[in-house]
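A.B. asks: Let me give you the structure first, and then I'll get to my questions.
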Amino acid sequence: MEALFAYAIMTFLVWIFAHYLYRVRSTKFIKSFLDSQNSMMLLASSNKVKILNKNGLELLGFNSLKEFLDEKTCLLNSFIVEEECLDKHTYGKRWIEAIEKTKYQSAKVKIKSKKDGLFYYYRIKLSKLEGRNEYILIFTDVSDFERSKNELKNCAENDPLTKIYNRTKVNHLFESIFVNAKKYNQHFSVILFDIDHFKMINDTHGHNVGDKVLFELARLTQSLFRSSDILARWGGEEFILILKDTTGKQASMLANRVRVAIDKYNFTGVGNLTCSFGVTQYQLDERKIELLERVDEALYEAKENGRNRVVIK
């Protein structure tokens with residue numbers, strides 16, 4: 001009986017040792033395979049990276065796998081926060097398992113290369129190893145495609161002269177702003193303003209100077225508002241500002257502050273100029289066209305009453 005028990009123990013220990021050798025050898029094989037690939041690849045469990053290949057180490061600025069593993073920092077910290085990209089705020093520590101549950105078992109990430117200091121976009125595709133609670137993650141470089149897509153998006157959403165949002169983008173943003181305002185009973189205000197006697201500036205100084213004025217006005221206005229406020233070129237010399245969580249009275253005070261700043265600013269080739277402002281606050285359940293008509297009427301009154309002033313309706 002004792003001999004049988006000893007034999008069982010010995011068999012069990014041999015099995016453990018054989019399994020250990022298999023794991024070590026298979027891991028070494030996987031590492032050799034990953035290092036032979038040109039793209040960034042890694043081996044990971046559900047919440048921990050075990051092997052990062054040479055391409056990945058170079059990209060993230062590590063000299064060896066030991067240095068990377070000793071760092072004990074989550075790989076998620078290397079992912080740059082950007083819309084539609086995976087980062088440390090997206091899924092949490094078990095982000096690999098979360099990706100596996102997505103429809104295509106993939107995610108997009110943005111990484112700053114330590115080699116050249118440039119930003120790159122990658123599409124992560126993962127595959128679970130059969131019989132092991134481990135995954136192979138393949139990072140495919142999609143930077144050219146993403147940059148082209150971003151350029152097209154930028155052209156579609158931004159005014160090419162002033163580099164701020166255009167009317168199309170603002171109309172799109174209005175949809176979500178109106179939905180949230182109605183759903184959560186939020187208030188917001190709109191400022192519509194334009195340059196007084198802008199045609200005279202173009203006629204006197206030329207369109208190139210007029211273009212510089214529009215660009216400088218956009219930069220000046222941006223510097224006076226919060227990053228959450230939305231500024232856009234509404235058309236010609238007309239600009240629109242959408243101020244979230246702002247009453248009409250607060251918006252009127254802000255508009256007057258901007259008016260004074262513009263009046264004091266020395267514009268290239270022109271010197272001083274003035275702007276007229278219309279201000280209004282969103283009223284519950286009203287339509288976008290009603291709000292825009294009201295702020296347009298306020299701007300018209302500011303023009304009719306002598307310009308360089310703020311009118312609230």
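If you're wondering about the labels, chains in the structure tokens are A, B, ... by order shown, residues count from 1 in each chain, ligands from 1 in order shown.
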If you count only C-alpha atoms, which residues fall within 12 Å of Lys66 in chain A, apart from same-chain ones fewer than 3 positions away, as a list in words?
C.D. replies: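 Near Lys66 in chain A, the qualifying residues are Val49, Lys50, Ile51, Leu52, Asn53, Lys54, Leu57, Phe62, Asn63, Leu69, Asp70, Glu71 and Lys72 of chain A.
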A.B. asks: Mind checking DSSP for range 65-190 of chain A and telling me the alpha helix (DSSP H) residues as an mmCIF file with N, CA and C atoms, in the first residue's frame?
C.D. replies:
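What ended up in selection.cif:
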data_model
loop_
_atom_site.group_PDB
_atom_site.id
_atom_site.type_symbol
_atom_site.label_atom_id
_atom_site.label_comp_id
_atom_site.auth_asym_id
_atom_site.auth_seq_id
_atom_site.Cartn_x
_atom_site.Cartn_y
_atom_site.Cartn_z
ATOM 1 N N LEU A 65 12.623 42.634 -22.219
ATOM 2 C CA LEU A 65 11.360 42.181 -21.641
ATOM 3 C C LEU A 65 11.408 42.275 -20.121
ATOM 4 N N LYS A 66 12.575 41.954 -19.524
ATOM 5 C CA LYS A 66 12.725 42.033 -18.069
ATOM 6 C C LYS A 66 12.475 43.454 -17.581
ATOM 7 N N GLU A 67 13.011 44.431 -18.305
ATOM 8 C CA GLU A 67 12.805 45.831 -17.914
ATOM 9 C C GLU A 67 11.324 46.188 -17.972
ATOM 10 N N PHE A 68 10.644 45.716 -19.011
ATOM 11 C CA PHE A 68 9.208 45.984 -19.161
ATOM 12 C C PHE A 68 8.415 45.341 -18.029
ATOM 13 N N LEU A 69 8.702 44.059 -17.727
ATOM 14 C CA LEU A 69 7.971 43.350 -16.682
ATOM 15 C C LEU A 69 8.277 43.911 -15.300
ATOM 16 N N ASP A 70 9.523 44.339 -15.076
ATOM 17 C CA ASP A 70 9.894 44.917 -13.784
ATOM 18 C C ASP A 70 9.213 46.260 -13.533
ATOM 19 N N GLU A 71 8.843 46.936 -14.634
ATOM 20 C CA GLU A 71 8.197 48.242 -14.512
ATOM 21 C C GLU A 71 6.843 48.118 -13.805
ATOM 22 N N TRP A 95 -9.321 44.487 -19.338
ATOM 23 C CA TRP A 95 -9.667 45.029 -20.654
ATOM 24 C C TRP A 95 -9.547 43.992 -21.757
ATOM 25 N N ILE A 96 -8.658 43.010 -21.590
ATOM 26 C CA ILE A 96 -8.491 41.986 -22.630
ATOM 27 C C ILE A 96 -9.741 41.108 -22.718
ATOM 28 N N GLU A 97 -10.269 40.718 -21.565
ATOM 29 C CA GLU A 97 -11.504 39.944 -21.545
ATOM 30 C C GLU A 97 -12.653 40.750 -22.144
ATOM 31 N N ALA A 98 -12.661 42.050 -21.860
ATOM 32 C CA ALA A 98 -13.721 42.913 -22.383
ATOM 33 C C ALA A 98 -13.665 42.982 -23.911
ATOM 34 N N ILE A 99 -12.446 43.077 -24.460
ATOM 35 C CA ILE A 99 -12.309 43.101 -25.919
ATOM 36 C C ILE A 99 -12.802 41.786 -26.523
ATOM 37 N N GLU A 100 -12.504 40.667 -25.838
ATOM 38 C CA GLU A 100 -12.917 39.349 -26.337
ATOM 39 C C GLU A 100 -14.437 39.261 -26.480
ATOM 40 N N SER A 143 -2.255 53.657 -39.023
ATOM 41 C CA SER A 143 -2.026 55.096 -38.878
ATOM 42 C C SER A 143 -2.386 55.874 -40.140
ATOM 43 N N ASP A 144 -1.969 55.396 -41.303
ATOM 44 C CA ASP A 144 -2.237 56.115 -42.554
ATOM 45 C C ASP A 144 -3.734 56.263 -42.778
ATOM 46 N N PHE A 145 -4.466 55.177 -42.548
ATOM 47 C CA PHE A 145 -5.921 55.215 -42.721
ATOM 48 C C PHE A 145 -6.563 56.191 -41.739
ATOM 49 N N GLU A 146 -6.160 56.137 -40.456
ATOM 50 C CA GLU A 146 -6.752 56.999 -39.442
ATOM 51 C C GLU A 146 -6.428 58.470 -39.692
ATOM 52 N N ARG A 147 -5.198 58.745 -40.131
ATOM 53 C CA ARG A 147 -4.834 60.138 -40.411
ATOM 54 C C ARG A 147 -5.644 60.681 -41.589
ATOM 55 N N SER A 148 -5.818 59.867 -42.603
ATOM 56 C CA SER A 148 -6.632 60.283 -43.760
ATOM 57 C C SER A 148 -8.075 60.531 -43.334
ATOM 58 N N LYS A 149 -8.599 59.637 -42.480
ATOM 59 C CA LYS A 149 -9.967 59.790 -41.994
ATOM 60 C C LYS A 149 -10.113 61.059 -41.161
ATOM 61 N N ASN A 150 -9.108 61.330 -40.310
ATOM 62 C CA ASN A 150 -9.149 62.534 -39.473
ATOM 63 C C ASN A 150 -9.061 63.808 -40.306
ATOM 64 N N GLU A 151 -8.268 63.761 -41.381
ATOM 65 C CA GLU A 151 -8.157 64.925 -42.267
ATOM 66 C C GLU A 151 -9.481 65.212 -42.954
ATOM 67 N N LEU A 152 -10.145 64.152 -43.407
ATOM 68 C CA LEU A 152 -11.449 64.319 -44.056
ATOM 69 C C LEU A 152 -12.479 64.855 -43.066
ATOM 70 N N LYS A 153 -12.443 64.318 -41.847
ATOM 71 C CA LYS A 153 -13.365 64.767 -40.802
ATOM 72 C C LYS A 153 -13.106 66.230 -40.466
ATOM 73 N N ASN A 154 -11.819 66.602 -40.384
ATOM 74 C CA ASN A 154 -11.453 67.972 -40.069
ATOM 75 C C ASN A 154 -11.949 68.935 -41.150
ATOM 76 N N CYS A 155 -11.808 68.522 -42.402
ATOM 77 C CA CYS A 155 -12.269 69.358 -43.520
ATOM 78 C C CYS A 155 -13.790 69.510 -43.499
ATOM 79 N N ALA A 156 -14.483 68.454 -43.095
ATOM 80 C CA ALA A 156 -15.942 68.478 -43.085
ATOM 81 C C ALA A 156 -16.495 69.290 -41.921
ATOM 82 N N GLU A 157 -15.749 69.369 -40.816
ATOM 83 C CA GLU A 157 -16.275 69.983 -39.599
ATOM 84 C C GLU A 157 -15.720 71.368 -39.306
ATOM 85 N N ARG A 167 -20.549 75.823 -39.789
ATOM 86 C CA ARG A 167 -22.000 75.801 -39.525
ATOM 87 C C ARG A 167 -22.552 74.372 -39.528
ATOM 88 N N THR A 168 -22.037 73.527 -40.425
ATOM 89 C CA THR A 168 -22.496 72.145 -40.509
ATOM 90 C C THR A 168 -22.246 71.408 -39.198
ATOM 91 N N LYS A 169 -21.055 71.588 -38.635
ATOM 92 C CA LYS A 169 -20.713 70.922 -37.383
ATOM 93 C C LYS A 169 -21.610 71.407 -36.245
ATOM 94 N N VAL A 170 -21.844 72.705 -36.171
ATOM 95 C CA VAL A 170 -22.669 73.249 -35.091
ATOM 96 C C VAL A 170 -24.096 72.723 -35.183
ATOM 97 N N ASN A 171 -24.634 72.662 -36.378
ATOM 98 C CA ASN A 171 -25.987 72.124 -36.552
ATOM 99 C C ASN A 171 -26.066 70.678 -36.079
ATOM 100 N N HIS A 172 -24.994 69.938 -36.298
ATOM 101 C CA HIS A 172 -24.939 68.555 -35.820
ATOM 102 C C HIS A 172 -24.865 68.520 -34.290
ATOM 103 N N LEU A 173 -24.056 69.388 -33.690
ATOM 104 C CA LEU A 173 -23.924 69.432 -32.243
ATOM 105 C C LEU A 173 -25.213 69.883 -31.570
ATOM 106 N N PHE A 174 -25.950 70.747 -32.237
ATOM 107 C CA PHE A 174 -27.210 71.240 -31.688
ATOM 108 C C PHE A 174 -28.167 70.089 -31.366
ATOM 109 N N GLU A 175 -28.125 69.029 -32.161
ATOM 110 C CA GLU A 175 -29.044 67.909 -31.965
ATOM 111 C C GLU A 175 -28.890 67.310 -30.570
ATOM 112 N N SER A 176 -27.662 66.988 -30.178
ATOM 113 C CA SER A 176 -27.431 66.399 -28.861
ATOM 114 C C SER A 176 -27.647 67.420 -27.750
ATOM 115 N N ILE A 177 -27.306 68.687 -28.007
ATOM 116 C CA ILE A 177 -27.482 69.728 -26.993
ATOM 117 C C ILE A 177 -28.958 69.914 -26.669
ATOM 118 N N PHE A 178 -29.805 69.921 -27.697
ATOM 119 C CA PHE A 178 -31.250 70.074 -27.486
ATOM 120 C C PHE A 178 -31.837 68.864 -26.777
ATOM 121 N N VAL A 179 -31.372 67.667 -27.159
ATOM 122 C CA VAL A 179 -31.864 66.440 -26.520
ATOM 123 C C VAL A 179 -31.535 66.446 -25.033
ATOM 124 N N ASN A 180 -30.297 66.775 -24.687
ATOM 125 C CA ASN A 180 -29.873 66.795 -23.281
ATOM 126 C C ASN A 180 -30.581 67.890 -22.491
ATOM 127 N N ALA A 181 -30.769 69.040 -23.124
ATOM 128 C CA ALA A 181 -31.436 70.149 -22.443
ATOM 129 C C ALA A 181 -32.874 69.780 -22.080
ATOM 130 N N LYS A 182 -33.539 69.092 -22.991
ATOM 131 C CA LYS A 182 -34.924 68.686 -22.742
ATOM 132 C C LYS A 182 -34.995 67.526 -21.753
ATOM 133 N N LYS A 183 -34.099 66.553 -21.902
ATOM 134 C CA LYS A 183 -34.118 65.344 -21.066
ATOM 135 C C LYS A 183 -33.740 65.637 -19.623
#
A.B. asks: Excluding Asn202 in chain A and residues on its chain fewer than 6 positions from it, collect all residues at most 10 Å away from it, counting only C-alpha atoms, and give them as a list of chain:residue names.
C.D. replies: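 With the cut-off at 10 Å, the set is A:Asn208, A:Val209, A:Gly210, A:Asp211, A:Val213.
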A.B. asks: Compare A:Leu60, A:Leu254, A:Leu292, A:Leu76 by their minimum atom-to-atom distance to His89 in chain A, counting only C-alpha atoms, and give me the closest one.
C.D. replies: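 Distance minimum relative to His89 in chain A lands on A:Leu76.
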A.B. asks: Within 9 Å of Val270 in chain A, counting only C-alpha atoms, which residues qualify if same-chain residues fewer than 2 places away don't, as a ChimeraX atom specification?
C.D. replies: /A:201,205,209-210,213,266-268,272-273
A.B. asks: Would you mind listing what lies within 10 Å of Asp194 in chain A as a count of residues only, with only C-alpha atoms counted and same-chain residues fewer than 5 positions away left out?
C.D. replies: 18
A.B. asks: Enter the distance from CA of Leu59 in chain A to CA of Ser45 in chain A, in Å, rounded to one decimal.
C.D. replies: 21.1 Å
A.B. asks: Can you measure CA of Lys163 in chain A to CA of Phe215 in chain A for me? One decimal in Å is fine.
C.D. replies: 7.8 Å
A.B. asks: Between A:Ser127, A:Ile289, A:Arg294, A:Phe188, which is the closest to Thr247 in chain A once you count only C-alpha atoms?
C.D. replies: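 The closest residue to Thr247 in chain A is A:Phe188.
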